[in-house]
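Colleague: Data: run_15.csv, CSV, C-alpha atoms.
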chain,number,residue,atom,x,y,z
A,19,MET,CA,18.6,-8.6,4.5
A,20,GLU,CA,18.0,-5.9,1.9
A,21,ASN,CA,14.8,-4.1,2.9
A,22,GLY,CA,13.8,-6.9,5.2
A,23,GLU,CA,12.4,-6.7,8.7
A,24,PHE,CA,14.2,-9.9,9.8
A,25,GLU,CA,18.0,-10.0,10.5
A,26,GLU,CA,20.1,-11.8,7.9
A,27,SER,CA,21.7,-15.1,8.9
A,28,LYS,CA,19.7,-15.2,12.2
A,29,LYS,CA,17.1,-17.9,12.9
A,30,PHE,CA,13.5,-16.7,13.3
A,31,ASN,CA,10.1,-18.4,13.7
A,32,LEU,CA,7.5,-16.8,11.5
A,33,GLU,CA,4.6,-18.4,13.3
A,34,ASP,CA,5.7,-16.7,16.5
A,35,ALA,CA,6.9,-13.5,15.0
A,36,LEU,CA,3.6,-12.6,13.3
A,37,GLU,CA,0.7,-11.3,15.3
A,38,TYR,CA,-2.9,-10.8,14.4
A,39,ILE,CA,-4.3,-7.3,14.5
A,40,SER,CA,-8.1,-6.8,14.4
A,41,ASN,CA,-9.6,-6.0,11.0
A,42,THR,CA,-6.2,-5.8,9.3
A,43,ILE,CA,-3.8,-7.4,6.9
A,44,VAL,CA,-0.3,-7.2,8.3
A,45,VAL,CA,2.6,-7.4,5.8
A,46,LYS,CA,6.3,-7.9,6.8
A,47,ASN,CA,9.1,-8.0,4.3
A,48,ILE,CA,11.5,-10.9,4.6
A,49,LEU,CA,13.6,-10.2,1.5
A,50,VAL,CA,13.2,-7.6,-1.2
A,51,GLU,CA,15.5,-7.9,-4.3
A,52,ASN,CA,15.2,-6.9,-7.9
A,53,ASN,CA,13.6,-10.1,-9.1
A,54,CYS,CA,12.2,-11.7,-5.9
A,55,VAL,CA,10.1,-10.4,-3.0
A,56,ILE,CA,9.4,-12.7,0.0
A,57,GLN,CA,6.8,-11.4,2.4
A,58,ALA,CA,4.9,-12.7,5.4
A,59,PHE,CA,1.2,-11.8,5.6
A,60,VAL,CA,-1.3,-12.1,8.6
A,61,PHE,CA,-4.9,-11.9,7.7
A,62,ASP,CA,-7.7,-11.2,10.2
A,63,TYR,CA,-11.1,-12.8,9.5
A,64,GLY,CA,-13.0,-11.3,6.6
A,65,LYS,CA,-10.0,-9.5,4.9
A,66,VAL,CA,-9.4,-9.9,1.2
A,67,LEU,CA,-6.3,-9.1,-1.0
A,68,SER,CA,-6.9,-9.0,-4.7
A,69,PHE,CA,-4.3,-9.0,-7.6
A,70,GLU,CA,-5.6,-7.8,-11.0
A,71,LYS,CA,-3.7,-9.6,-13.8
A,72,SER,CA,-0.3,-9.3,-12.1
A,73,PRO,CA,2.5,-10.0,-14.5
A,74,PHE,CA,4.4,-11.7,-11.7
A,75,SER,CA,4.2,-15.3,-10.5
A,76,ARG,CA,3.5,-16.0,-6.8
A,77,PHE,CA,4.2,-18.9,-4.6
A,78,ILE,CA,1.9,-19.0,-1.5
A,79,TYR,CA,2.5,-21.1,1.6
A,80,ILE,CA,0.0,-21.2,4.5
A,81,ILE,CA,1.9,-21.1,7.9
A,82,GLU,CA,-1.1,-21.2,10.2
A,83,GLY,CA,-4.9,-21.2,9.8
A,84,LYS,CA,-7.1,-21.5,6.7
A,85,ALA,CA,-7.4,-19.4,3.6
A,86,GLU,CA,-9.3,-19.3,0.3
A,87,VAL,CA,-7.3,-18.6,-2.8
A,88,VAL,CA,-9.2,-17.7,-6.0
A,89,VAL,CA,-7.3,-17.9,-9.3
A,90,ASN,CA,-9.1,-17.1,-12.5
A,91,ASP,CA,-12.4,-17.6,-10.7
A,92,ASN,CA,-11.4,-21.1,-9.4
A,93,SER,CA,-11.5,-21.3,-5.6
A,94,THR,CA,-9.1,-23.4,-3.6
A,95,PHE,CA,-9.4,-23.9,0.2
A,96,MET,CA,-6.0,-24.1,1.9
A,97,GLN,CA,-4.9,-24.9,5.4
A,98,LYS,CA,-1.6,-25.0,7.4
A,99,GLY,CA,1.2,-26.6,5.3
A,100,ASP,CA,-0.6,-26.2,1.9
A,101,SER,CA,1.1,-24.3,-1.0
A,102,ILE,CA,-0.1,-23.0,-4.4
A,103,LEU,CA,1.6,-21.5,-7.4
A,104,ILE,CA,-0.1,-18.6,-9.1
A,105,ARG,CA,1.3,-17.9,-12.6
A,106,GLY,CA,1.8,-14.4,-13.8
A,107,HIS,CA,-1.0,-12.7,-15.8
A,108,SER,CA,-3.7,-14.5,-13.7
A,109,THR,CA,-6.4,-12.7,-11.8
A,110,SER,CA,-6.3,-13.8,-8.1
A,111,SER,CA,-7.4,-13.0,-4.6
A,112,ILE,CA,-6.7,-14.3,-1.2
A,113,GLU,CA,-9.6,-14.4,1.3
A,114,ALA,CA,-9.7,-14.9,5.0
A,115,ASN,CA,-12.7,-17.0,5.8
A,116,HIS,CA,-10.6,-17.8,9.0
A,117,LYS,CA,-7.6,-16.0,10.5
A,118,PHE,CA,-4.4,-17.2,8.8
A,119,LYS,CA,-0.7,-16.5,8.2
A,120,MET,CA,1.1,-17.1,5.0
A,121,ILE,CA,4.3,-16.6,3.0
A,122,CYS,CA,4.1,-15.0,-0.4
A,123,THR,CA,7.1,-15.2,-2.7
A,124,THR,CA,6.7,-13.0,-5.8
A,125,LEU,CA,9.0,-13.7,-8.8
A,126,LYS,CA,9.5,-10.8,-11.2
A,127,ASP,CA,10.4,-11.6,-14.8
Can the structure in the file be given as structure tokens, please?
Modeller:
Amino acid sequence: MENGEFEESKKFNLEDALEYISNTIVVKNILVENNCVIQAFVFDYGKVLSFEKSPFSRFIYIIEGKAEVVVNDNSTFMQKGDSILIRGHSTSSIEANHKFKMICTTLKD
């Protein structure tokens, strides 16, 4: 895969491939192309990732654990299997009230 950390056309299990690291947000690229970036994130408890009025839309999928996603000051609590679409030009943050793993697909216009 272009700029990815996973081998193209080979099966992989993200839940097993991603490990928690104390006091850290781990990011692994799955696919990086001109108009689309797919990344896997691992959040340790207490970590926060903020996006200030990003022009890009994002699709978030929770692989494991629980997360709080705040979009334009509206908080949504998510757990394994939940997804959310964050439209471009929104202010958002992803907060680890618990450890969790997620997929983030960023769509560039």
Colleague: Between atom CA of Ser72 of chain A and atom CA of Lys46 of chain A, what is the spacing in Å?
Modeller: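 About the pair atom CA of Lys46 of chain A and atom CA of Ser72 of chain A: they are 20.1 Å apart.
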Colleague: For the atom pair atom CA of Phe61 of chain A and atom CA of His107 of chain A, what is the interatomic distance in Å to one decimal place?
Modeller: 23.8 Å
Colleague: Would you mind listing what lies within 10 Å of Asp62 of chain A as a list in words, with all atoms listed in the file counted and same-chain residues fewer than 4 positions away left out?
Modeller: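 Close residues of Asp62 of chain A: Glu37, Tyr38, Ile39, Ser40, Asn41, Thr42, Ile43, Val44, Val66, Glu113, Ala114, Asn115, His116, Lys117, Phe118 and Lys119 of chain A.
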Colleague: In Å, how far is it from atom CA of Gly83 of chain A to atom CA of Thr123 of chain A?
Modeller: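 Those two atoms sit 18.3 Å apart.
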Colleague: Using all atoms listed in the file, determine which residues lie at most 8 Å from Pro73 of chain A, disregarding the query and same-chain residues fewer than 5 positions distant; provide the list as a list of chain:residue names.
Modeller: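 The residues that qualify are A:Gly106, A:His107, A:Ser108, A:Lys126.
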Colleague: Measuring between all atoms listed in the file, which one of A:Arg76, A:Val60, A:Asn47, A:Asn90 shows the shortest distance to Leu103 of chain A?
Modeller: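 Using all atoms listed in the file, Leu103 of chain A sits closest to A:Arg76.
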Colleague: When you look at Met120 of chain A with a cut-off of 8 Å (counting all atoms listed in the file), what residues show up, excluding the ones that are within fewer than 2 positions of it in the same chain? I need them as a short mmCIF file (atom, residue, chain, number, x, y, z; two decimals) with C-alpha atoms, keeping the file's coordinate frame.
Modeller:
data_model
loop_
_atom_site.label_atom_id
_atom_site.label_comp_id
_atom_site.auth_asym_id
_atom_site.auth_seq_id
_atom_site.Cartn_x
_atom_site.Cartn_y
_atom_site.Cartn_z
CA ALA A 58 4.90 -12.70 5.40
CA PHE A 59 1.20 -11.80 5.60
CA VAL A 60 -1.30 -12.10 8.60
CA ILE A 78 1.90 -19.00 -1.50
CA TYR A 79 2.50 -21.10 1.60
CA ILE A 80 0.00 -21.20 4.50
CA ILE A 81 1.90 -21.10 7.90
CA GLU A 82 -1.10 -21.20 10.20
CA PHE A 118 -4.40 -17.20 8.80
CA CYS A 122 4.10 -15.00 -0.40
#
Colleague: Excluding Asn53 of chain A and its own-chain neighbours fewer than 6 positions away, which residues fall within 9 Å of it when counting only C-alpha atoms? Please give them as a PyMOL selection string.
Modeller: chain A and resi 124-127
Colleague: Can you write out as JSON lines which residues of segment 75-99 of chain A fall within 12 Å of segment 68-71 of chain A, alongside each residue's closest atom pair and its distance in Å to one decimal, counting only C-alpha atoms and ordering rows by chain and ascending residue number?
Modeller:
{"residue": "A:Ser75", "atom": "CA", "partner": "A:Lys71", "partner_atom": "CA", "distance": 10.3}
{"residue": "A:Arg76", "atom": "CA", "partner": "A:Phe69", "partner_atom": "CA", "distance": 10.5}
{"residue": "A:Glu86", "atom": "CA", "partner": "A:Ser68", "partner_atom": "CA", "distance": 11.7}
{"residue": "A:Val87", "atom": "CA", "partner": "A:Ser68", "partner_atom": "CA", "distance": 9.8}
{"residue": "A:Val88", "atom": "CA", "partner": "A:Ser68", "partner_atom": "CA", "distance": 9.1}
{"residue": "A:Val89", "atom": "CA", "partner": "A:Phe69", "partner_atom": "CA", "distance": 9.5}
{"residue": "A:Asn90", "atom": "CA", "partner": "A:Lys71", "partner_atom": "CA", "distance": 9.3}
{"residue": "A:Asp91", "atom": "CA", "partner": "A:Ser68", "partner_atom": "CA", "distance": 11.8}
